[in-house]
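A.B. asks: Below you will find the structure I want to go over with you.
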Amino acid sequence: MKNRSRVEELADRLTAGKALTREEYAYLIDHRTPELTHQLAKAAVAVRERIYGRSVFIRGLIEISNYCKNDCFYCGIRCSNDHCDRYRLTPEEVLRCAKEGYELGFRTFVLQGGEDTFLTDDKLCALIRDLKKQFGDCAVTLSLGERSRKSYQRLFDAGADRYLLRHETADPAHYRKLHPETMSPENRMRCLRDLKEIGFQTGCGIMVGSPYQTSSELAEDLAFIRSFRPDMCGIGPFIPHRDTPFGNETPGTAELTCFLLSMIRLIHPAVLLPSTTALATIDPGGREKGLLSGANVVMPNLSPKEIRGKYELYDHKLHEGEESAQGFRALSEKIRSLGLEPAVDRGDIRKEE
Ligand code: SAH
């Protein structure tokens, strides 16, 4: 009874928009029940509706390269994976993908890739300018990993609007367990601060259920999100990839991912929150469950069909059906069946909270 009332008290404070301590966030995560999950999801959906109405924003994801100089222990395109069949799209191919998306009504393109040293500032800036020239009413989002401040500034000056860089974990010791020594939590955070200061709409995020993660690391992530106030936040379950050091680890769950989506919506009401491909991969109803938990963004895949299977961050990553631009009609139907509406504008963050 005593425990039950503490959960209720914390849930009330969370839904009222109050800050909780790390210990309190962890307590809620550890003591969650189906009833609490339902209560927070309902509150999160109400908050989303207050700020964004019924809109779900669509982002066309273009996976521009799977070359990567990094060796993250969880990721299927890490440089040590010799089984990864590497590819890189030409600027013409990227523009063709964008055109296909534009015709479907997409007004944001997300260029994502490994940390490919071939993709210099000059090449990327030229591509961003071409995209902006051809699709002037669209937002360009980049998700190309860690770069120097100077490089981020050049990409911004060339016209890029947003940058996604998941922080992966806000706990430095945990970060070191997921990455080789050549990467540091300090540099990851430096990148995020630079991106925000430069003026990008900036996204952070985590994998749910990554190895060594407990509620205490998740509480640290929630506190970080509360103080950093990102414009976007990408979270999805960790899913092992067979050719990585974490190939035999346990995957994260849709259940905890959805619980955290609701918490994040309540902690930072205006954040743009995708219902991710990883969530749809781990659970056949994941896409809907994410939206019903407070997410308001979906990111169908616009990459050319032939290469889609090669951008394999984790095993069995979905890339057909509703994940693909071609399946967009079915995805739109699904969104409408939830009482929501696929939006055809850029879908920038609304500042009012
Ligand atoms: N190189 C870019 C893009 C990385 S891929 C960058 O560093 O930001 C985008 C995201 O996929 C990563 O940030 C990571 O959180 C997620 N990811 C990678 N491997 C994964 C796995 N095995 N399971 C689930 N998500 C994974």
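Each chain in the structure tokens gets a letter, A, B and so on, in the order shown; residues start at 1 in every chain, and ligands are counted from 1 in the order they appear.
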Any chance you could list, as a ChimeraX atom specification, the residues in segment 120-303 of chain A that come up alpha helix (DSSP H) when DSSP is run on the backbone?
C.D. replies: /A:121-134,149-157,172-178,185-198,215-228,254-267,277-282,286-292
A.B. asks: Using only C-alpha atoms and all ligand atoms, which residues have at least one atom no more than 7 Å from ligand 1? Output them as a PyMOL selection string.
C.D. replies: chain A and resi 74-76+112-115+143-146+164-166+168+205-207+236-241+278+313-314
A.B. asks: Here is a test: counting only C-alpha atoms, which residue of A:Arg6, A:Arg265, A:Arg107, A:His179 is nearest to Ala139 of chain A?
C.D. replies: A:Arg107
A.B. asks: So that I can see what lies close to segment 21-28 of chain A, please list as a list in words the residues with an atom at most 6 Å from it, counting only C-alpha atoms and leaving out residues fewer than 2 positions away in the same chain.
C.D. replies: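 Near segment 21-28 of chain A, the qualifying residues are Asp30, His31, Arg32, Ser215, Ser216 and Ala219 of chain A.
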A.B. asks: Dump N, CA, C and O atoms for the selected residues as a compact mmCIF listing (two decimals), in the first residue's frame?
C.D. replies:
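Final file, out_9.txt:
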```txt
# COMPACT_ATOMS: atom_id res chain seq x y z
N ASP A 30 11.08 1.22 -12.15
CA ASP A 30 11.16 -0.08 -11.47
C ASP A 30 9.81 -0.58 -10.98
O ASP A 30 9.60 -1.77 -10.84
N HIS A 31 8.91 0.34 -10.67
CA HIS A 31 7.62 -0.07 -10.09
C HIS A 31 6.46 0.09 -11.06
O HIS A 31 5.30 0.18 -10.65
N ARG A 32 6.78 0.14 -12.36
CA ARG A 32 5.70 0.34 -13.32
C ARG A 32 4.80 -0.89 -13.38
O ARG A 32 5.26 -2.02 -13.20
N SER A 215 17.68 0.87 -14.59
CA SER A 215 16.80 2.04 -14.42
C SER A 215 17.61 3.25 -13.98
O SER A 215 17.20 4.39 -14.23
N SER A 216 18.75 3.04 -13.35
CA SER A 216 19.52 4.20 -12.92
C SER A 216 20.14 4.93 -14.12
O SER A 216 20.14 6.17 -14.16
N ALA A 219 17.27 6.77 -15.75
CA ALA A 219 16.91 7.97 -14.99
C ALA A 219 17.86 9.12 -15.34
O ALA A 219 17.45 10.27 -15.48
```
A.B. asks: Excluding same-chain residues fewer than 5 positions from Tyr52 of chain A, what lies within 9 Å of it counting only C-alpha atoms, as number ranges by chain?
C.D. replies: A: 47, 270, 296, 350
A.B. asks: Go ahead and save the residues from that selection, with N, CA and C atoms, as a compact mmCIF listing (two decimals), in the first residue's frame.
C.D. replies:
```txt
# COMPACT_ATOMS: atom_id res chain seq x y z
N VAL A 47 -1.16 15.52 -23.75
CA VAL A 47 -0.16 16.60 -23.87
C VAL A 47 0.21 16.79 -25.34
N ALA A 270 6.89 19.44 -25.80
CA ALA A 270 6.90 19.81 -27.22
C ALA A 270 7.86 18.98 -28.06
N ASN A 296 5.02 11.19 -32.06
CA ASN A 296 4.28 11.95 -33.08
C ASN A 296 5.05 12.10 -34.39
N ARG A 350 7.13 22.95 -32.14
CA ARG A 350 6.33 24.10 -31.70
C ARG A 350 6.90 24.52 -30.36
```
A.B. asks: Which residue out of A:Ala11, A:Ala158, A:Val271, A:Leu111 has the minimum interatomic distance to Lys42 of chain A when only C-alpha atoms are used?
C.D. replies: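 Of all the options, A:Ala11 lies closest to Lys42 of chain A.
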A.B. asks: Measuring atom to atom with only C-alpha atoms, identify which of A:Pro342, A:Asp130, A:Lys317, A:Phe73 is nearest to Ser210 of chain A.
C.D. replies: A:Phe73
A.B. asks: From a backbone DSSP assignment, name each residue in segment 194-299 of chain A labelled strand (DSSP E), as an NGL selection string.
C.D. replies: :A and (201-208 or 232-237 or 297-298)
A.B. asks: Determine the nearest neighbour of Glu35 of chain A from the options A:Ile58, A:Leu266, A:Leu260, A:Val7, counting only C-alpha atoms.
C.D. replies: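 Among A:Ile58, A:Leu266, A:Leu260, A:Val7, it is A:Val7 that comes nearest to Glu35 of chain A.
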A.B. asks: Find, counting only C-alpha atoms, the residue in A:Cys97, A:Arg190, A:Glu63, A:Asp12 that gets nearest to Asp116 of chain A.
C.D. replies: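 Of all the options, A:Glu63 lies closest to Asp116 of chain A.
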A.B. asks: Which residue is closest to Ala46 of chain A? Choose from A:Cys68, A:Ala16, A:Cys84, A:Val297 and count only C-alpha atoms.
C.D. replies: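 Checking each candidate against Ala46 of chain A, we get A:Ala16 as the closest.
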A.B. asks: What separation in Å, quoted to one decimal, exists between atom CA of Leu104 of chain A and atom CA of Leu302 of chain A?
C.D. replies: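 Going from atom CA of Leu104 of chain A over to atom CA of Leu302 of chain A covers 10.5 Å.
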A.B. asks: Near Leu222 of chain A, within 9 Å and counting only C-alpha atoms, which residues show up once chain neighbours fewer than 4 positions away are dropped, as a ChimeraX atom specification?
C.D. replies: /A:22,25,170,217-218,226-227,260,263-264,267
A.B. asks: Just to be explicit: take each residue in the selection above, keep N, CA and C atoms, and write the result as a JSON list (two decimals), in the first residue's frame.
C.D. replies:
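After the write, again36.json holds the following:
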```json
[["chain", "number", "residue", "atom", "x", "y", "z"],
["A", 22, "ARG", "N", 16.46, 11.95, -10.06],
["A", 22, "ARG", "CA", 16.87, 10.72, -10.76],
["A", 22, "ARG", "C", 16.34, 9.50, -10.03],
["A", 25, "TYR", "N", 12.71, 9.06, -10.87],
["A", 25, "TYR", "CA", 12.49, 8.50, -12.22],
["A", 25, "TYR", "C", 12.74, 6.99, -12.19],
["A", 170, "ALA", "N", 23.46, 8.86, -21.09],
["A", 170, "ALA", "CA", 23.99, 10.05, -20.43],
["A", 170, "ALA", "C", 24.95, 9.69, -19.29],
["A", 217, "GLU", "N", 20.62, 4.18, -15.12],
["A", 217, "GLU", "CA", 21.11, 4.85, -16.34],
["A", 217, "GLU", "C", 19.94, 5.54, -17.06],
["A", 218, "LEU", "N", 18.79, 4.88, -17.12],
["A", 218, "LEU", "CA", 17.63, 5.49, -17.79],
["A", 218, "LEU", "C", 17.20, 6.77, -17.08],
["A", 226, "ARG", "N", 15.54, 16.33, -19.76],
["A", 226, "ARG", "CA", 14.87, 17.45, -19.10],
["A", 226, "ARG", "C", 15.73, 18.71, -19.11],
["A", 227, "SER", "N", 17.04, 18.56, -18.92],
["A", 227, "SER", "CA", 17.86, 19.77, -18.87],
["A", 227, "SER", "C", 18.31, 20.21, -20.26],
["A", 260, "LEU", "N", 8.80, 4.62, -21.68],
["A", 260, "LEU", "CA", 9.73, 5.76, -21.71],
["A", 260, "LEU", "C", 9.27, 6.83, -22.69],
["A", 263, "MET", "N", 6.95, 8.86, -20.73],
["A", 263, "MET", "CA", 7.67, 9.68, -19.74],
["A", 263, "MET", "C", 8.32, 10.88, -20.41],
["A", 264, "ILE", "N", 8.97, 10.64, -21.56],
["A", 264, "ILE", "CA", 9.67, 11.73, -22.25],
["A", 264, "ILE", "C", 8.67, 12.79, -22.71],
["A", 267, "ILE", "N", 7.84, 14.80, -19.69],
["A", 267, "ILE", "CA", 8.97, 15.58, -19.17],
["A", 267, "ILE", "C", 9.25, 16.79, -20.07]]
```
A.B. asks: In Å, rounded to a single decimal, give me how far atom CA of His268 of chain A is from atom CA of Lys196 of chain A.
C.D. replies: 16.3 Å
A.B. asks: Which residues come within 12 Å of Tyr152 of chain A, counting only C-alpha atoms, excluding same-chain residues fewer than 3 positions away, as an MDAnalysis selection string?
C.D. replies: chainID A and resid 120:122 124:125 142:149 155:165 190:200 202
A.B. asks: Show which residues sit within 8 Å of Glu341 of chain A, as JSON, numbers by chain. Count only C-alpha atoms, and ignore same-chain residues fewer than 5 positions away.
C.D. replies: {"A": [54, 55, 56, 332, 335, 336]}
A.B. asks: Calculate how many Å separate atom CA of Asp137 of chain A from atom CA of Pro269 of chain A, rounding to one decimal.
C.D. replies: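 Result for atom CA of Asp137 of chain A versus atom CA of Pro269 of chain A: 25.9 Å, one decimal.
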